[in-house]
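Structure first, commentary second.
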Amino acid sequence: MQCPCTSGKSYDECCGPVIAGTRKAPTAEALMRSRYTAFATGAVDWIIDSQIPEGRPFTDRTATEEWSKRSTWKGMQVLQTQQGGPDDEEGLVEFKAFYELGGEDILHHEIASFRKLDGAWHFVDGVEMKPRPFKRMQPKVGPNDPCPCGSGKKHKKCCGKPGAS
């Protein structure tokens with residue numbers, strides 16, 4: 001089985017051993033990939049166990065499990081990492097996770113922070129990155145405003161007319 005984290009590796013050579021606890025994640029990115037895979041496969045215990053200990057009491061296990069099971073996980077993309085290597089103690093991973101929930105395609109874009117405790121990486125917190133609001137380059141033209149084409153007509157009677165181009 002191909003690993004859900006979209007690394008291109010099989011589950012057994014990628015996230016499987018990390019989730020099973022037979023191998024530690026060597027980097028913050030590897031831990032992030034294993035957490036995504038845990039959401040995709042319903043391994044809720046790993047989602048909770050991979051958190052920093054002081055954050056675990058604030059995780060709603062039931063809601064996490066429901067989100068994991070109700071979603072169709074479509075892949076993830078790591079955009080960048082800062083630190084988080086084998087010799088680091090802290091790191092950041094910016095990623096996008098793609099999934100479907102209730103028939104709607106959803107993009108989750110986050111910068112997650114990680115810390116190493118006793119030689120093992122743990123998830124600390126994440127900040128969701130919201131898309132920038134759309135900003136018009138030209139002022140909005142109302143139906144009763146003069147048409148921007150210069151015809152002298154109201155916009156609704158000229159270029160704003162249904163079927164006009």
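Letters A, B, ... mark the chains of the structure tokens in the order given; residue numbers begin at 1 per chain; ligand numbers begin at 1, in order shown.
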Task: Which of range 75-106 of chain A DSSP labels strand (DSSP E or B), written as a ChimeraX atom specification - done: /A:75-83,90-101,104-106
Task: Nearest candidate to Asp125 in chain A (options A:Tyr99, A:Phe58, A:Phe39, A:Trp67; using only C-alpha atoms) - done: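 Selected residue with least distance to Asp125 in chain A: A:Phe58.
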Open item on the list: I'd like the contact shell of Pro4 in chain A - 8 Å cut-off, only C-alpha atoms, skipping same-chain residues fewer than 2 positions apart - returned as a ChimeraX atom specification.
Closed with: /A:2,6-7,11,36-37,40,73-75
TODO: Mind checking which residues fall within 7 Å of Ala28 in chain A, counting only C-alpha atoms, ignoring those fewer than 3 positions away in the same chain, and posting them as a PyMOL selection string?
DONE: chain A and resi 31-32+84-85+91+114+121
TODO: Can you work out which one of A:Glu13, A:Phe95, A:Gly160, A:Cys149 has the shortest atom-to-atom distance to Met129 in chain A, counting only C-alpha atoms?
DONE: A:Phe95
Task: Neighbour list for Glu110 in chain A as a PyMOL selection string, cut-off 7 Å, only C-alpha atoms, skip fewer than 3 positions in-chain - done: chain A and resi 94-96+126-129
Could you write those residues out with N, CA and C atoms, as a PDB file, in the first residue's frame?
ATOM      1  N   GLU A  94       5.682  23.684   7.230  1.00  0.00           N
ATOM      2  CA  GLU A  94       4.533  24.276   6.567  1.00  0.00           C
ATOM      3  C   GLU A  94       4.020  23.250   5.563  1.00  0.00           C
ATOM      4  N   PHE A  95       2.728  22.975   5.624  1.00  0.00           N
ATOM      5  CA  PHE A  95       2.169  21.935   4.753  1.00  0.00           C
ATOM      6  C   PHE A  95       0.746  22.277   4.352  1.00  0.00           C
ATOM      7  N   LYS A  96       0.300  21.575   3.321  1.00  0.00           N
ATOM      8  CA  LYS A  96      -1.094  21.611   2.902  1.00  0.00           C
ATOM      9  C   LYS A  96      -1.614  20.186   2.933  1.00  0.00           C
ATOM     10  N   GLY A 126      -0.164  24.246  15.932  1.00  0.00           N
ATOM     11  CA  GLY A 126      -0.243  24.621  14.525  1.00  0.00           C
ATOM     12  C   GLY A 126      -1.014  25.909  14.346  1.00  0.00           C
ATOM     13  N   VAL A 127      -0.621  26.666  13.340  1.00  0.00           N
ATOM     14  CA  VAL A 127      -1.321  27.894  12.990  1.00  0.00           C
ATOM     15  C   VAL A 127      -1.853  27.719  11.578  1.00  0.00           C
ATOM     16  N   GLU A 128      -3.173  27.781  11.454  1.00  0.00           N
ATOM     17  CA  GLU A 128      -3.775  27.625  10.136  1.00  0.00           C
ATOM     18  C   GLU A 128      -3.565  28.900   9.336  1.00  0.00           C
ATOM     19  N   MET A 129      -3.137  28.738   8.099  1.00  0.00           N
ATOM     20  CA  MET A 129      -2.894  29.866   7.207  1.00  0.00           C
ATOM     21  C   MET A 129      -4.151  30.097   6.380  1.00  0.00           C
TER      22      MET A 129
END
TODO: Using DSSP on the backbone coordinates, identify the residues of chain A assigned to helix (DSSP H, G or I); present them as a ChimeraX atom specification.
DONE: /A:11-13,16-20,28-41,44-49,53-58,61-70,155-157
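Interatomic distance, CA of Arg61 in chain A to CA of Ala43 in chain A: 11.1 Å.
The list of residues with at least one atom within 12 Å of Glu65 in chain A, based on only C-alpha atoms and without residues fewer than 6 positions apart in the same chain, reads Ala38, Phe39, Ala40, Thr41, Gly42, Ala43, Val44, Asp45, Trp46, Ile47, Ile48, Thr59 and Ser71 of chain A.
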Task: Nearest candidate to Gly119 in chain A (options A:Pro26, A:Pro131, A:Pro57, A:Pro148; using only C-alpha atoms) - done: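 Result for the nearest residue to Gly119 in chain A: A:Pro26.
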